[in-house]
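*Asks:* So that you have it, the file is start-v3.pdb, and it contains PDB, C-alpha atoms, pLDDT in the B column:
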ATOM      1  CA  MET F 684     -29.110 -10.538  -1.804  1.00 64.00           C
ATOM      2  CA  ILE F 685     -25.482 -11.580  -1.318  1.00 62.00           C
ATOM      3  CA  ARG F 686     -23.487  -9.354   0.994  1.00 62.00           C
ATOM      4  CA  PHE F 687     -20.119  -8.174  -0.408  1.00 65.00           C
ATOM      5  CA  LYS F 688     -18.267  -8.565   2.881  1.00 67.00           C
ATOM      6  CA  LYS F 689     -19.572  -8.006   6.356  1.00 70.00           C
ATOM      7  CA  LEU F 690     -16.822  -6.652   8.566  1.00 72.00           C
ATOM      8  CA  PRO F 691     -16.675  -7.998  12.125  1.00 74.00           C
ATOM      9  CA  ILE F 692     -17.200  -4.641  13.840  1.00 82.00           C
ATOM     10  CA  THR F 693     -17.408  -4.810  17.602  1.00 88.00           C
ATOM     11  CA  GLN F 694     -18.063  -2.154  20.216  1.00 93.00           C
ATOM     12  CA  LYS F 695     -14.268  -1.851  20.634  1.00 91.00           C
ATOM     13  CA  GLU F 696     -13.910  -0.658  17.014  1.00 83.00           C
ATOM     14  CA  ILE F 697     -16.882   1.690  17.340  1.00 87.00           C
ATOM     15  CA  ASP F 698     -15.371   3.211  20.500  1.00 91.00           C
ATOM     16  CA  ALA F 699     -12.008   3.650  18.716  1.00 82.00           C
ATOM     17  CA  VAL F 700     -13.700   5.542  15.861  1.00 82.00           C
ATOM     18  CA  ILE F 701     -15.536   7.758  18.338  1.00 88.00           C
ATOM     19  CA  GLU F 702     -12.245   8.504  20.124  1.00 86.00           C
ATOM     20  CA  VAL F 703     -10.605   9.539  16.842  1.00 81.00           C
ATOM     21  CA  MET F 704     -13.554  11.739  15.910  1.00 83.00           C
ATOM     22  CA  GLN F 705     -13.565  13.396  19.329  1.00 87.00           C
ATOM     23  CA  ASN F 706      -9.866  14.270  19.136  1.00 82.00           C
ATOM     24  CA  GLY F 707     -10.414  16.037  15.801  1.00 78.00           C
ATOM     25  CA  TRP F 708      -7.834  14.139  13.719  1.00 73.00           C
ATOM     26  CA  LEU F 709      -9.929  12.479  11.050  1.00 69.00           C
ATOM     27  CA  GLY F 710      -7.194  12.238   8.400  1.00 70.00           C
ATOM     28  CA  MET F 711      -4.010  11.796  10.365  1.00 75.00           C
ATOM     29  CA  GLY F 712      -2.961  11.900  13.980  1.00 78.00           C
ATOM     30  CA  LYS F 713      -1.779   9.734  16.823  1.00 82.00           C
ATOM     31  CA  LYS F 714      -3.754   6.629  15.852  1.00 83.00           C
ATOM     32  CA  VAL F 715      -2.422   6.665  12.283  1.00 85.00           C
ATOM     33  CA  TYR F 716       1.179   7.006  13.512  1.00 89.00           C
ATOM     34  CA  GLU F 717       0.611   4.176  16.003  1.00 90.00           C
ATOM     35  CA  PHE F 718      -0.799   2.044  13.184  1.00 88.00           C
ATOM     36  CA  GLU F 719       2.229   2.805  10.977  1.00 93.00           C
ATOM     37  CA  GLU F 720       4.622   1.729  13.727  1.00 95.00           C
ATOM     38  CA  ARG F 721       2.692  -1.444  14.512  1.00 93.00           C
ATOM     39  CA  LEU F 722       2.342  -2.503  10.857  1.00 92.00           C
ATOM     40  CA  ALA F 723       6.043  -1.862  10.158  1.00 94.00           C
ATOM     41  CA  ASP F 724       6.946  -3.944  13.205  1.00 94.00           C
ATOM     42  CA  TYR F 725       4.546  -6.729  12.230  1.00 93.00           C
ATOM     43  CA  VAL F 726       5.838  -7.142   8.666  1.00 90.00           C
ATOM     44  CA  GLY F 727       9.483  -6.614   9.661  1.00 93.00           C
ATOM     45  CA  SER F 728      10.290  -3.273   8.065  1.00 93.00           C
ATOM     46  CA  LYS F 729      11.704  -0.029   9.378  1.00 95.00           C
ATOM     47  CA  TYR F 730       9.039   2.275   7.958  1.00 95.00           C
ATOM     48  CA  CYS F 731       5.363   2.319   7.092  1.00 95.00           C
ATOM     49  CA  VAL F 732       3.623   5.255   5.436  1.00 94.00           C
ATOM     50  CA  ALA F 733      -0.178   5.167   5.563  1.00 91.00           C
ATOM     51  CA  THR F 734      -2.106   6.382   2.527  1.00 91.00           C
ATOM     52  CA  ASP F 735      -5.780   6.732   1.711  1.00 86.00           C
ATOM     53  CA  SER F 736      -5.660   3.704  -0.630  1.00 84.00           C
ATOM     54  CA  CYS F 737      -3.355   1.156  -2.194  1.00 81.00           C
ATOM     55  CA  THR F 738      -3.936   2.944  -5.498  1.00 86.00           C
ATOM     56  CA  TRP F 739      -2.384   6.095  -4.019  1.00 89.00           C
ATOM     57  CA  ALA F 740       0.424   3.998  -2.481  1.00 91.00           C
ATOM     58  CA  LEU F 741       1.218   2.474  -5.893  1.00 91.00           C
ATOM     59  CA  TYR F 742       0.974   5.843  -7.650  1.00 91.00           C
ATOM     60  CA  LEU F 743       3.349   7.559  -5.224  1.00 91.00           C
ATOM     61  CA  SER F 744       5.747   4.612  -5.325  1.00 91.00           C
ATOM     62  CA  LEU F 745       5.858   4.677  -9.125  1.00 90.00           C
ATOM     63  CA  LYS F 746       6.417   8.452  -9.168  1.00 89.00           C
ATOM     64  CA  LEU F 747       9.270   8.042  -6.688  1.00 88.00           C
ATOM     65  CA  ARG F 748      10.854   5.258  -8.761  1.00 86.00           C
ATOM     66  CA  ASP F 749      10.539   7.444 -11.879  1.00 82.00           C
ATOM     67  CA  LYS F 750      12.261  10.290 -10.064  1.00 76.00           C
ATOM     68  CA  ASN F 751      15.095   8.113  -8.746  1.00 70.00           C
ATOM     69  CA  ARG F 752      15.567   5.639 -11.598  1.00 68.00           C
ATOM     70  CA  ASN F 753      14.289   7.484 -14.645  1.00 62.00           C
ATOM     71  CA  LEU F 754      11.769   4.762 -15.469  1.00 60.00           C
ATOM     72  CA  GLU F 755       9.260   7.057 -17.139  1.00 58.00           C
ATOM     73  CA  ASN F 756       7.660   5.532 -20.252  1.00 63.00           C
ATOM     74  CA  ASP F 757       8.946   2.052 -19.360  1.00 82.00           C
ATOM     75  CA  VAL F 758       6.762  -0.968 -19.973  1.00 86.00           C
ATOM     76  CA  ILE F 759       5.592  -2.495 -16.693  1.00 87.00           C
ATOM     77  CA  SER F 760       4.424  -6.095 -16.668  1.00 86.00           C
ATOM     78  CA  ILE F 761       1.519  -7.076 -14.406  1.00 87.00           C
ATOM     79  CA  PRO F 762      -0.811 -10.088 -14.171  1.00 86.00           C
ATOM     80  CA  SER F 763      -3.716  -9.990 -16.617  1.00 84.00           C
ATOM     81  CA  ILE F 764      -6.103 -10.866 -13.777  1.00 81.00           C
ATOM     82  CA  THR F 765      -5.776  -7.947 -11.413  1.00 80.00           C
ATOM     83  CA  VAL F 766      -7.722  -4.998 -10.119  1.00 81.00           C
ATOM     84  CA  PRO F 767      -8.164  -2.412 -12.921  1.00 86.00           C
ATOM     85  CA  LEU F 768      -6.900   0.310 -10.581  1.00 86.00           C
ATOM     86  CA  VAL F 769      -3.382  -1.125 -10.831  1.00 87.00           C
ATOM     87  CA  ALA F 770      -3.409  -0.790 -14.622  1.00 89.00           C
ATOM     88  CA  ASN F 771      -4.962   2.680 -14.377  1.00 91.00           C
ATOM     89  CA  THR F 772      -2.228   3.777 -11.986  1.00 89.00           C
ATOM     90  CA  ILE F 773       0.481   2.558 -14.321  1.00 89.00           C
ATOM     91  CA  ILE F 774      -1.088   4.460 -17.220  1.00 90.00           C
ATOM     92  CA  HIS F 775      -1.540   7.639 -15.136  1.00 90.00           C
ATOM     93  CA  THR F 776       2.155   7.622 -14.240  1.00 88.00           C
ATOM     94  CA  GLY F 777       3.077   7.600 -17.928  1.00 87.00           C
ATOM     95  CA  HIS F 778       4.008   3.952 -18.350  1.00 88.00           C
ATOM     96  CA  LYS F 779       2.879   1.308 -20.774  1.00 89.00           C
ATOM     97  CA  ILE F 780       1.459  -2.017 -19.598  1.00 89.00           C
ATOM     98  CA  GLN F 781       2.286  -5.527 -20.631  1.00 89.00           C
ATOM     99  CA  PHE F 782      -0.176  -8.073 -19.263  1.00 89.00           C
ATOM    100  CA  ASN F 783       1.069 -11.562 -18.501  1.00 85.00           C
ATOM    101  CA  ASP F 784      -1.158 -14.593 -18.151  1.00 79.00           C
ATOM    102  CA  ASN F 785       0.553 -16.178 -15.177  1.00 69.00           C
ATOM    103  CA  ILE F 786      -2.331 -17.009 -12.833  1.00 65.00           C
ATOM    104  CA  GLU F 787      -0.156 -18.471 -10.067  1.00 67.00           C
ATOM    105  CA  TRP F 788      -0.067 -15.032  -8.427  1.00 64.00           C
ATOM    106  CA  VAL F 789      -3.839 -14.898  -7.715  1.00 66.00           C
ATOM    107  CA  GLY F 790      -4.238 -13.919  -4.068  1.00 66.00           C
ATOM    108  CA  ARG F 791      -0.461 -13.586  -3.660  1.00 76.00           C
ATOM    109  CA  THR F 792       2.011 -10.748  -3.858  1.00 80.00           C
ATOM    110  CA  TYR F 793       3.451  -9.822  -7.227  1.00 80.00           C
ATOM    111  CA  GLU F 794       5.963  -7.300  -8.513  1.00 81.00           C
ATOM    112  CA  LEU F 795       5.136  -4.565 -10.952  1.00 82.00           C
ATOM    113  CA  ARG F 796       7.977  -5.952 -13.057  1.00 80.00           C
ATOM    114  CA  SER F 797      11.180  -3.925 -13.334  1.00 78.00           C
ATOM    115  CA  THR F 798      10.134  -1.464 -10.625  1.00 85.00           C
ATOM    116  CA  GLY F 799      10.884  -3.192  -7.308  1.00 84.00           C
ATOM    117  CA  ILE F 800       7.340  -2.259  -6.252  1.00 85.00           C
ATOM    118  CA  ILE F 801       5.313  -5.120  -4.813  1.00 83.00           C
ATOM    119  CA  ASP F 802       1.517  -5.263  -4.671  1.00 85.00           C
ATOM    120  CA  SER F 803       0.637  -7.294  -1.591  1.00 81.00           C
ATOM    121  CA  ALA F 804      -2.638  -8.547  -3.121  1.00 68.00           C
ATOM    122  CA  HIS F 805      -4.309 -10.506  -0.297  1.00 73.00           C
ATOM    123  CA  GLU F 806      -1.184 -11.427   1.652  1.00 76.00           C
ATOM    124  CA  LEU F 807      -0.207 -10.020   5.004  1.00 80.00           C
ATOM    125  CA  HIS F 808       1.792 -11.991   7.532  1.00 81.00           C
ATOM    126  CA  ARG F 809       4.372 -11.526  10.261  1.00 89.00           C
ATOM    127  CA  ASN F 810       7.871 -10.680   8.978  1.00 86.00           C
ATOM    128  CA  GLN F 811       6.616 -10.770   5.381  1.00 83.00           C
ATOM    129  CA  TYR F 812       8.815  -7.866   4.300  1.00 82.00           C
ATOM    130  CA  LYS F 813      11.897  -8.982   6.217  1.00 84.00           C
ATOM    131  CA  ASN F 814      11.749 -12.594   5.019  1.00 83.00           C
ATOM    132  CA  GLU F 815      10.548 -12.237   1.426  1.00 83.00           C
ATOM    133  CA  PHE F 816      11.867  -8.985  -0.038  1.00 82.00           C
ATOM    134  CA  SER F 817      15.096  -7.051  -0.436  1.00 81.00           C
ATOM    135  CA  ALA F 818      15.720  -3.776   1.350  1.00 77.00           C
ATOM    136  CA  ASP F 819      15.285  -2.028  -2.011  1.00 82.00           C
ATOM    137  CA  ASN F 820      11.698  -3.229  -2.485  1.00 86.00           C
ATOM    138  CA  ILE F 821       8.643  -1.129  -1.768  1.00 88.00           C
ATOM    139  CA  LEU F 822       5.623  -3.130  -0.601  1.00 87.00           C
ATOM    140  CA  CYS F 823       2.120  -1.657  -1.028  1.00 89.00           C
ATOM    141  CA  TYR F 824      -0.926  -2.774   0.967  1.00 85.00           C
ATOM    142  CA  SER F 825      -4.637  -2.258   0.524  1.00 80.00           C
ATOM    143  CA  PHE F 826      -7.100  -2.185   3.415  1.00 76.00           C
ATOM    144  CA  TYR F 827     -10.169  -2.590   1.218  1.00 62.00           C
ATOM    145  CA  PRO F 828     -12.993  -4.615   2.835  1.00 58.00           C
ATOM    146  CA  THR F 829     -11.840  -7.868   1.181  1.00 63.00           C
ATOM    147  CA  LYS F 830      -8.254  -7.607   2.499  1.00 61.00           C
ATOM    148  CA  PRO F 831      -6.682  -9.113   5.665  1.00 58.00           C
ATOM    149  CA  ILE F 832      -6.832  -5.715   7.401  1.00 64.00           C
ATOM    150  CA  SER F 833     -10.295  -4.506   6.443  1.00 60.00           C
ATOM    151  CA  SER F 834     -11.629  -0.989   6.439  1.00 65.00           C
ATOM    152  CA  ALA F 835     -13.678   1.227   4.187  1.00 60.00           C
ATOM    153  CA  GLU F 836     -10.531   2.615   2.542  1.00 70.00           C
ATOM    154  CA  GLY F 837      -6.830   2.813   3.194  1.00 77.00           C
ATOM    155  CA  GLY F 838      -3.438   1.669   2.105  1.00 86.00           C
ATOM    156  CA  ALA F 839       0.196   1.708   3.164  1.00 92.00           C
ATOM    157  CA  VAL F 840       3.715   1.627   1.799  1.00 93.00           C
ATOM    158  CA  ILE F 841       6.383  -0.461   3.513  1.00 93.00           C
ATOM    159  CA  THR F 842      10.095   0.282   3.096  1.00 94.00           C
ATOM    160  CA  ASN F 843      13.438   0.056   4.867  1.00 93.00           C
ATOM    161  CA  ASP F 844      14.726   3.222   3.204  1.00 92.00           C
ATOM    162  CA  GLU F 845      14.421   6.335   5.371  1.00 93.00           C
ATOM    163  CA  ASP F 846      14.671   8.694   2.377  1.00 92.00           C
ATOM    164  CA  VAL F 847      11.858   6.817   0.620  1.00 91.00           C
ATOM    165  CA  ALA F 848       9.686   7.054   3.752  1.00 93.00           C
ATOM    166  CA  LYS F 849      10.376  10.798   4.107  1.00 93.00           C
ATOM    167  CA  TRP F 850       9.536  11.460   0.455  1.00 91.00           C
ATOM    168  CA  LEU F 851       6.345   9.394   0.678  1.00 92.00           C
ATOM    169  CA  ARG F 852       5.226  11.170   3.865  1.00 91.00           C
ATOM    170  CA  LYS F 853       5.481  14.534   2.140  1.00 90.00           C
ATOM    171  CA  ALA F 854       4.013  13.287  -1.143  1.00 89.00           C
ATOM    172  CA  ARG F 855       0.941  11.763   0.491  1.00 85.00           C
ATOM    173  CA  PHE F 856      -0.023  15.322   1.460  1.00 77.00           C
ATOM    174  CA  TYR F 857       0.775  16.836  -1.933  1.00 69.00           C
ATOM    175  CA  GLY F 858       4.203  18.069  -0.800  1.00 65.00           C
ATOM    176  CA  ARG F 859       3.109  19.386   2.572  1.00 64.00           C
ATOM    177  CA  ASP F 860       4.847  18.306   5.732  1.00 60.00           C
TER     178      ASP F 860
END
Please re-express this file's structure in structure tokens.

*Replies:*
Amino acid sequence: MIRFKKLPITQKEIDAVIEVMQNGWLGMGKKVYEFEERLADYVGSKYCVATDSCTWALYLSLKLRDKNRNLENDVISIPSITVPLVANTIIHTGHKIQFNDNIEWVGRTYELRSTGIIDSAHELHRNQYKNEFSADNILCYSFYPTKPISSAEGGAVITNDEDVAKWLRKARFYGRD
């Protein structure tokens, strides 16, 4: 039997989970806000909005772009070798997909073409956002077990735009504050 990915879980991580469970904030709370601040600082952005998955981060980002740029029904180009959830998200937001066969992106960030939305793929490094992207880009991360920051689930959206961050924070809770 080949293990998918064994996470290096130490007693420190177990104690942190117990602390979160004891304070009663399983979905959001102080630890999530601390994580958002630390990730934004690490990648060199002003704002980070945690989500339950990168799929949700991409979905919300596409809906926001549609709202602000009227992109609905546009064709969005993505690599042909990618996680099916990316294609599903594009379809669920009302767009059409054009697959491209460029395989140089594998394991690297790529743009959902014409949107300014970046899928981080397997990349995460210090000042990534500040050094590699414009202030108009939205960068989406996954914290799936195979990613640099591993967990059971989770995602995040990185931006320098305060209005984008505010909209995403409300949207991640279905419009609730």

*Asks:* Between CA of Ala733 (chain F) and CA of Glu794 (chain F), what is the distance in Å, rounded to a tenth?

*Replies:*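 Value for the CA of Ala733 (chain F)-CA of Glu794 (chain F) distance: 19.8 Å.
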
*Asks:* Calculated over only C-alpha atoms, which of the candidates F:Ala770, F:Leu745, F:Cys737, F:Leu851 has the smallest distance to Asp802 (chain F)?

*Replies:*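 Residue with the minimum atom-to-atom distance to Asp802 (chain F): F:Cys737.
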
*Asks:* CA of Asn751 (chain F) and CA of Tyr812 (chain F) are how many Å apart?

*Replies:*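 So the two atoms, CA of Asn751 (chain F) and CA of Tyr812 (chain F), lie 21.6 Å apart.
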
*Asks:* Provide the CA of Leu743 (chain F) to CA of Lys849 (chain F) distance in Å, to one decimal place.

*Replies:*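 Here the two named atoms are 12.1 Å from each other.
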
*Asks:* Restricting the calculation to only C-alpha atoms, which member of F:Thr842, F:Ser825, F:Thr772, F:Thr738 is positioned closest to His805 (chain F)?

*Replies:*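 Closest to His805 (chain F) of all the choices is F:Ser825.
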
*Asks:* Can you translate the PyMOL selection byres ((chain F and resi 741) around 9) into the concrete residues it hits in this file, as a VMD selection string?

*Replies:* chain F and resid 736 to 740 742 to 746 769 772 to 773 800 to 802 822 to 824 840

*Asks:* Do you know which residues the PyMOL selection byres ((chain F and resi 760) around 7) returns on this file, as a list in words?

*Replies:* Val758, Ile759, Ile761, Ile780, Gln781, Phe782, Asn783, Leu795 and Arg796 of chain F

*Asks:* Of the residues F:Asp735, F:Glu836, F:Asp757, F:Asp844, which is the one nearest to Ile821 (chain F), using only C-alpha atoms?

*Replies:*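 Using only C-alpha atoms, the shortest distance to Ile821 (chain F) belongs to F:Asp844.
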